[in-house]
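Source file: upload.csv (CSV, C-alpha atoms)
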chain,number,residue,atom,x,y,z
A,384,MET,CA,131.9,38.9,86.8
A,385,ALA,CA,134.6,39.2,89.4
A,386,MET,CA,135.3,42.9,88.7
A,387,THR,CA,131.7,44.1,88.3
A,388,PRO,CA,130.6,46.8,90.8
A,389,PRO,CA,128.0,44.5,92.5
A,390,ALA,CA,130.7,41.8,93.0
A,391,LEU,CA,133.3,44.2,94.3
A,392,MET,CA,130.7,45.8,96.7
A,393,ALA,CA,129.7,42.4,98.0
A,394,ASP,CA,133.3,41.3,98.5
A,395,ALA,CA,134.2,44.6,100.3
A,396,ALA,CA,131.1,44.3,102.5
A,397,ALA,CA,132.0,40.7,103.5
A,398,ARG,CA,135.5,41.8,104.5
A,399,MET,CA,134.7,45.0,106.3
A,400,VAL,CA,131.2,44.6,107.8
A,401,SER,CA,130.6,42.1,110.6
A,402,PRO,CA,127.3,40.2,110.5
A,403,TYR,CA,126.8,41.3,114.1
A,404,ALA,CA,126.6,45.0,112.9
A,405,TYR,CA,123.0,44.5,112.1
A,406,GLY,CA,122.0,44.0,115.7
A,407,PRO,CA,118.4,43.0,116.3
A,408,PHE,CA,117.6,43.4,112.6
A,409,TYR,CA,119.8,40.4,111.7
A,410,THR,CA,118.2,37.2,110.3
A,411,ASN,CA,119.9,34.3,108.6
A,412,PRO,CA,118.5,34.3,105.1
A,413,LEU,CA,118.8,30.5,104.9
A,414,ARG,CA,116.6,30.0,107.9
A,415,ARG,CA,113.3,30.1,105.9
A,416,VAL,CA,114.7,27.4,103.6
A,417,VAL,CA,116.0,24.9,106.2
A,418,ASP,CA,113.0,25.3,108.5
A,419,GLY,CA,110.9,23.6,105.8
A,420,PHE,CA,112.9,20.4,105.5
A,421,ALA,CA,111.3,17.1,106.6
A,422,TYR,CA,113.9,16.1,109.2
A,423,ASP,CA,111.7,13.4,110.7
A,424,LYS,CA,111.9,11.5,107.3
A,425,VAL,CA,115.5,12.2,106.3
A,426,CYS,CA,117.0,11.7,109.8
A,427,ASP,CA,114.9,8.7,110.9
A,428,ASP,CA,116.8,5.7,112.2
A,429,HIS,CA,115.6,3.6,109.3
A,430,ALA,CA,116.8,6.2,106.7
A,431,PRO,CA,120.3,6.1,105.2
A,432,TYR,CA,122.9,7.3,107.6
A,433,LEU,CA,123.4,11.1,107.5
A,434,SER,CA,125.8,13.3,109.4
A,435,VAL,CA,126.8,17.0,109.1
A,436,SER,CA,129.7,18.8,110.7
A,437,ALA,CA,130.3,22.2,112.2
A,438,THR,CA,133.2,23.9,113.9
A,439,ASN,CA,133.0,24.9,117.6
A,440,VAL,CA,134.0,28.5,117.7
A,441,HIS,CA,135.1,28.3,121.3
A,442,THR,CA,137.3,25.1,121.1
A,443,GLY,CA,138.1,25.0,117.4
A,444,LYS,CA,137.1,21.3,117.4
A,445,ILE,CA,134.8,19.6,115.0
A,446,ARG,CA,131.2,18.6,116.0
A,447,ILE,CA,129.4,15.8,114.2
A,448,PHE,CA,125.6,16.0,114.2
A,449,GLU,CA,123.9,12.6,113.5
A,450,ARG,CA,120.4,11.5,112.8
A,451,ALA,CA,118.0,13.0,115.4
A,452,GLU,CA,120.6,15.7,116.2
A,453,ILE,CA,120.2,17.1,112.7
A,454,GLY,CA,117.8,20.0,112.4
A,455,ALA,CA,117.6,23.5,111.1
A,456,ASP,CA,120.2,24.8,113.5
A,457,ALA,CA,122.7,22.0,112.7
A,458,LEU,CA,122.4,22.7,109.0
A,459,LEU,CA,122.8,26.5,109.5
A,460,ALA,CA,125.8,25.8,111.6
A,461,SER,CA,127.4,23.6,109.0
A,462,ALA,CA,127.1,26.3,106.4
A,463,CYS,CA,127.9,29.3,108.6
A,464,LEU,CA,130.6,31.4,107.0
A,465,PRO,CA,131.6,33.8,109.8
A,466,THR,CA,132.0,36.8,107.4
A,467,LEU,CA,128.5,36.4,106.2
A,468,PHE,CA,126.5,34.9,109.1
A,469,GLN,CA,126.4,35.1,112.9
A,470,ALA,CA,127.6,32.0,114.7
A,471,VAL,CA,124.8,29.5,115.3
A,472,GLU,CA,124.1,28.7,118.9
A,473,ILE,CA,123.3,25.0,119.8
A,474,ASP,CA,123.2,23.8,123.4
A,475,GLY,CA,125.1,26.8,124.7
A,476,ALA,CA,128.0,26.5,122.1
A,477,HIS,CA,128.5,28.5,119.0
A,478,TYR,CA,129.4,27.1,115.6
A,479,TRP,CA,130.8,28.1,112.2
A,480,ASP,CA,131.1,26.2,109.0
A,481,GLY,CA,132.3,22.6,109.4
A,482,GLY,CA,134.6,23.0,106.5
A,483,TYR,CA,137.3,24.6,108.7
A,484,THR,CA,137.8,21.3,110.6
A,485,GLY,CA,136.3,18.6,108.2
A,486,ASN,CA,135.5,19.3,104.6
A,487,PRO,CA,133.9,16.9,104.6
A,488,ALA,CA,134.5,14.9,107.7
A,489,LEU,CA,135.2,11.3,106.6
A,490,PHE,CA,135.8,9.5,109.9
A,491,PRO,CA,132.1,9.1,110.7
A,492,LEU,CA,132.0,6.9,107.6
A,493,PHE,CA,134.5,4.4,109.0
A,494,ARG,CA,131.8,2.5,110.9
A,495,ASP,CA,131.6,-1.2,110.3
A,496,ASP,CA,127.9,-1.1,109.4
A,497,LEU,CA,128.5,1.3,106.5
A,498,PRO,CA,129.8,0.4,103.0
A,499,ALA,CA,133.5,0.3,102.4
A,500,ASP,CA,133.2,2.8,99.6
A,501,ILE,CA,133.7,6.5,100.3
A,502,VAL,CA,132.7,8.8,97.3
A,503,VAL,CA,134.0,12.4,97.7
A,504,VAL,CA,132.3,15.1,95.6
A,505,ASN,CA,134.9,17.9,95.2
A,506,ILE,CA,133.5,21.4,94.9
A,507,ASN,CA,136.9,23.1,95.6
A,508,PRO,CA,139.6,22.4,93.1
A,509,LEU,CA,142.5,20.5,94.7
A,510,GLU,CA,145.0,21.9,92.1
A,511,HIS,CA,145.4,25.2,90.1
A,512,ALA,CA,147.8,25.3,87.2
A,513,GLU,CA,148.3,29.1,87.4
A,514,VAL,CA,149.6,31.3,90.2
A,515,PRO,CA,146.8,33.7,91.3
A,516,ARG,CA,147.7,37.3,90.9
A,517,SER,CA,144.7,39.5,91.7
A,518,ALA,CA,143.7,40.2,95.3
A,519,GLN,CA,140.5,38.3,94.9
A,520,ASP,CA,142.1,35.3,93.2
A,521,ILE,CA,144.8,35.1,95.9
A,522,GLN,CA,142.2,35.2,98.7
A,523,ASN,CA,140.1,32.6,96.9
A,524,ARG,CA,143.0,30.2,96.5
A,525,ILE,CA,143.9,30.7,100.2
A,526,ASN,CA,140.3,29.7,101.1
A,527,GLU,CA,140.5,26.7,98.8
A,528,ILE,CA,143.7,25.5,100.3
A,529,SER,CA,142.4,26.1,103.8
A,530,PHE,CA,139.1,24.2,103.2
A,531,ASN,CA,140.9,21.4,101.4
A,532,SER,CA,143.5,20.8,104.1
A,533,SER,CA,141.2,18.9,106.4
A,534,LEU,CA,140.1,16.6,103.6
A,535,LEU,CA,143.7,16.0,102.5
A,536,ARG,CA,144.7,15.1,106.1
A,537,GLU,CA,142.0,12.5,106.4
A,538,LEU,CA,142.8,11.1,102.9
A,539,ARG,CA,146.5,10.8,103.9
A,540,ALA,CA,145.6,8.9,107.1
A,541,ILE,CA,143.4,6.6,105.0
A,542,GLU,CA,146.2,6.0,102.5
A,543,PHE,CA,148.6,5.2,105.4
A,544,VAL,CA,146.3,2.7,107.0
A,545,GLN,CA,145.4,1.0,103.7
A,546,ARG,CA,149.1,0.7,102.8
A,547,LEU,CA,149.8,-1.0,106.2
A,548,LEU,CA,146.9,-3.4,105.6
A,549,ALA,CA,148.1,-4.2,102.1
A,550,LYS,CA,151.6,-5.0,103.3
A,551,GLY,CA,150.4,-7.1,106.2
A,552,ARG,CA,151.9,-4.8,108.8
A,553,MET,CA,148.6,-4.4,110.5
A,554,PRO,CA,146.4,-7.3,111.6
A,555,GLU,CA,143.5,-8.0,109.2
A,556,GLY,CA,140.3,-6.8,110.8
A,557,SER,CA,142.0,-4.3,113.1
A,558,MET,CA,141.2,-1.5,110.8
A,559,LYS,CA,138.5,-1.2,108.0
A,560,ARG,CA,139.5,-1.6,104.4
A,561,LEU,CA,138.2,1.5,102.5
A,562,PHE,CA,137.8,2.3,98.8
A,563,VAL,CA,138.1,6.0,98.0
A,564,HIS,CA,136.5,7.6,94.9
A,565,MET,CA,136.3,11.2,93.8
A,566,ILE,CA,133.8,13.0,91.5
A,567,SER,CA,135.0,16.4,90.4
A,568,ASP,CA,135.1,19.0,87.6
A,569,ASP,CA,138.2,20.9,88.6
A,570,ALA,CA,138.4,22.5,85.1
A,571,LEU,CA,135.0,24.2,85.6
A,572,MET,CA,135.5,25.1,89.3
A,573,GLY,CA,138.8,26.6,88.5
A,574,GLU,CA,137.3,28.6,85.7
A,575,LEU,CA,134.6,30.2,87.8
A,576,SER,CA,135.7,33.4,89.6
A,577,VAL,CA,135.4,33.9,93.3
A,578,ALA,CA,132.5,36.3,92.6
A,579,THR,CA,130.3,33.4,91.5
A,580,LYS,CA,130.1,32.2,95.1
A,581,LEU,CA,128.0,35.2,96.0
A,582,ALA,CA,126.0,35.2,92.7
A,583,PRO,CA,123.4,32.4,92.8
A,584,ASN,CA,121.7,33.4,89.5
A,585,PRO,CA,119.7,30.7,87.6
A,586,TYR,CA,122.2,30.5,84.8
A,587,LEU,CA,125.1,29.7,87.1
A,588,LEU,CA,123.0,27.2,89.2
A,589,THR,CA,121.8,25.4,86.1
A,590,ARG,CA,125.4,25.2,84.8
A,591,LEU,CA,126.6,23.8,88.0
A,592,LYS,CA,123.8,21.2,88.1
A,593,ASP,CA,124.5,20.1,84.6
A,594,ALA,CA,128.2,19.8,85.3
A,595,GLY,CA,127.6,17.8,88.4
A,596,ARG,CA,125.4,15.3,86.6
A,597,ALA,CA,127.9,15.0,83.8
A,598,ALA,CA,130.7,14.4,86.2
A,599,ALA,CA,128.6,11.8,88.1
A,600,ASP,CA,127.7,10.1,84.8
A,601,GLY,CA,131.3,10.0,83.7
A,602,PHE,CA,132.3,8.5,87.1
A,603,ILE,CA,129.7,5.8,86.9
A,604,THR,CA,130.7,4.9,83.3
A,605,ALA,CA,134.4,4.7,84.1
A,606,HIS,CA,134.4,3.3,87.7
A,607,PHE,CA,131.1,1.5,88.4
A,608,GLN,CA,133.0,-1.8,88.5
A,609,ASP,CA,135.4,-0.4,91.1
A,610,LEU,CA,132.7,0.1,93.7
A,611,GLY,CA,133.0,-2.5,96.4
A,612,ALA,CA,136.2,-3.8,94.9
A,613,ARG,CA,139.0,-1.2,94.8
A,614,SER,CA,139.7,2.5,95.1
A,615,SER,CA,139.4,4.5,91.8
A,616,THR,CA,141.5,7.3,93.3
A,617,ASP,CA,145.2,6.7,93.6
A,618,LEU,CA,145.9,8.1,97.1
A,619,GLN,CA,149.5,7.1,97.1
A,620,ALA,CA,150.2,9.0,93.9
A,621,MET,CA,148.2,12.0,95.3
A,622,PHE,CA,150.7,12.3,98.2
A,623,ASN,CA,153.9,11.5,96.4
Could the structure of this file be written out as structure tokens, please?
Amino acid sequence: MAMTPPALMADAAARMVSPYAYGPFYTNPLRRVVDGFAYDKVCDDHAPYLSVSATNVHTGKIRIFERAEIGADALLASACLPTLFQAVEIDGAHYWDGGYTGNPALFPLFRDDLPADIVVVNINPLEHAEVPRSAQDIQNRINEISFNSSLLRELRAIEFVQRLLAKGRMPEGSMKRLFVHMISDDALMGELSVATKLAPNPYLLTRLKDAGRAAADGFITAHFQDLGARSSTDLQAMFN
């Protein structure tokens, strides 16, 4: 699929044509989808806590949208890849995909009123066994490393704090004890070519949905007893 003419044309267009080239004819194709969401129900104060992140184009800093702040524009900003979509303006600032600064942002989950378990669902492979050689594969791996870097930074910080707590070098209660878990299918995600990111056909979406459910079922079977008790991801081994 990666070397088919449609895939090559889409890839070339994304690299050479700015989304601003369309002028007044530009419209975000995701707008009609997110405009139909029931934000008053999902983002209500009595609903489970929800946050989404975006990257401020001007400052390069992360912006966390919470509860009533979450609407169509916030969702579009959180998914705004700058080679495909125009930056989303909110309150005078412009935003790109939150993955550049937090993929996902974990620190909003450190609140004392939230559970101690953090479950990360990986969609970008953390590791690749082979060295990418084609131009597309090289660019894809660069993007994966870039988008994973913010997650790894936060996980490293969590590991450091949890290690200090475990060794008694930090007063109990000064920082929250966290249990980190990961659900992933790196084998499948590594198998899929970069072209599949721009090919949302029914076969691919069904395959991803089935793989996601299988990975979640596998996690629950193997680690349900770890929830609320311990991390099922060995962060210390990850960074050593």
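If you measure from each of A:Asn584, A:Ser567, A:Thr438, A:Ser533 to A:Pro487 using all atoms listed in the file, the closest one turns out to be A:Ser533.
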> With all atoms listed in the file as the basis for distance, which of A:Val435, A:Arg539, A:Cys463, A:Asn411 is at the shortest distance from A:Ala620?
Replying inline: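 Using all atoms listed in the file, the shortest distance to A:Ala620 belongs to A:Arg539.
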Which residues of stretch 555-603 of chain A sit at most 12 Å from stretch 513-528 of chain A, using all atoms listed in the file? Give each one's shortest atom pair and distance in Å (one decimal place), in chain and ascending residue order, as JSON lines.
{"residue": "A:Asp569", "atom": "CA", "partner": "A:Glu527", "partner_atom": "CA", "distance": 12.0}
{"residue": "A:Met572", "atom": "CA", "partner": "A:Glu527", "partner_atom": "CA", "distance": 10.9}
{"residue": "A:Gly573", "atom": "CA", "partner": "A:Arg524", "partner_atom": "CA", "distance": 9.7}
{"residue": "A:Glu574", "atom": "CA", "partner": "A:Glu513", "partner_atom": "CA", "distance": 11.1}
{"residue": "A:Leu575", "atom": "CA", "partner": "A:Asp520", "partner_atom": "CA", "distance": 10.6}
{"residue": "A:Ser576", "atom": "CA", "partner": "A:Asp520", "partner_atom": "CA", "distance": 7.6}
{"residue": "A:Val577", "atom": "CA", "partner": "A:Asn523", "partner_atom": "CA", "distance": 6.1}
{"residue": "A:Ala578", "atom": "CA", "partner": "A:Gln519", "partner_atom": "CA", "distance": 8.6}
{"residue": "A:Thr579", "atom": "CA", "partner": "A:Asn523", "partner_atom": "CA", "distance": 11.2}
{"residue": "A:Lys580", "atom": "CA", "partner": "A:Asn523", "partner_atom": "CA", "distance": 10.2}
Keeping only C-alpha atoms, write those residues as a short mmCIF file (atom, residue, chain, number, x, y, z; two decimals), in the coordinates of the input.
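part_36.cif written:
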data_model
loop_
_atom_site.label_atom_id
_atom_site.label_comp_id
_atom_site.auth_asym_id
_atom_site.auth_seq_id
_atom_site.Cartn_x
_atom_site.Cartn_y
_atom_site.Cartn_z
CA ASP A 569 138.20 20.90 88.60
CA MET A 572 135.50 25.10 89.30
CA GLY A 573 138.80 26.60 88.50
CA GLU A 574 137.30 28.60 85.70
CA LEU A 575 134.60 30.20 87.80
CA SER A 576 135.70 33.40 89.60
CA VAL A 577 135.40 33.90 93.30
CA ALA A 578 132.50 36.30 92.60
CA THR A 579 130.30 33.40 91.50
CA LYS A 580 130.10 32.20 95.10
#
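Here atom CA of A:Ala512 and atom CA of A:Asn623 stand 17.7 Å from one another.
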> Between atom CA of A:Met558 and atom CA of A:Phe493, what is the spacing in Å?
Replying inline: 9.1 Å
> Hey, what's within 12 Å of stretch 599-607 of chain A if we count all atoms listed in the file and toss same-chain stuff fewer than 2 positions away? As a list in words, please?
Replying inline: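 Counting only the stated atoms, we get Asp500, Val502, Val503, Val504, Asn505, Phe562, Val563, His564, Met565, Ile566, Ser567, Asp568, Lys592, Asp593, Ala594, Gly595, Arg596, Ala597, Asp609, Leu610, Gly611, Ala612, Arg613, Ser614, Ser615 and Thr616 of chain A.
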>> One number please: atom CA of A:Leu591 to atom CA of A:Gly482, in Å, one decimal.
In response: 20.2 Å
> Any idea what's packed within 12 Å of A:Asp496, counting only C-alpha atoms, ignoring anything in its chain fewer than 6 positions away? Could you give it as JSON, numbers by chain?
Replying inline: {"A": [431, 432, 559]}
Provide an axis-aligned box for all listed atoms of stretch 522-541 of chain A, padding each side by 8 Å; report its centre and its edge lengths in Å to one decimal, as AutoDock Vina command-line options.
--center_x 142.8 --center_y 20.9 --center_z 101.8 --size_x 23.4 --size_y 44.6 --size_z 26.6
>> Need the shell around A:Gly481: protein/DNA/RNA residues with any atom at most 7 Å away, counting all atoms listed in the file. Skip same-chain ones fewer than 6 positions apart. Format as a PyMOL selection string?
In response: chain A and resi 436-438+445+461
> With all atoms listed in the file as the basis for distance, which of A:Arg536, A:Leu561, A:Leu509, A:Leu497 is at the shortest distance from A:Ala549?
Replying inline: A:Leu561
> Using only C-alpha atoms, which of the listed residues (A:Leu571, A:Ser401, A:Gly454, A:Leu433) sits closest to A:Arg590?
Replying inline: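 Among the listed residues, the smallest separation from A:Arg590 belongs to A:Leu571.
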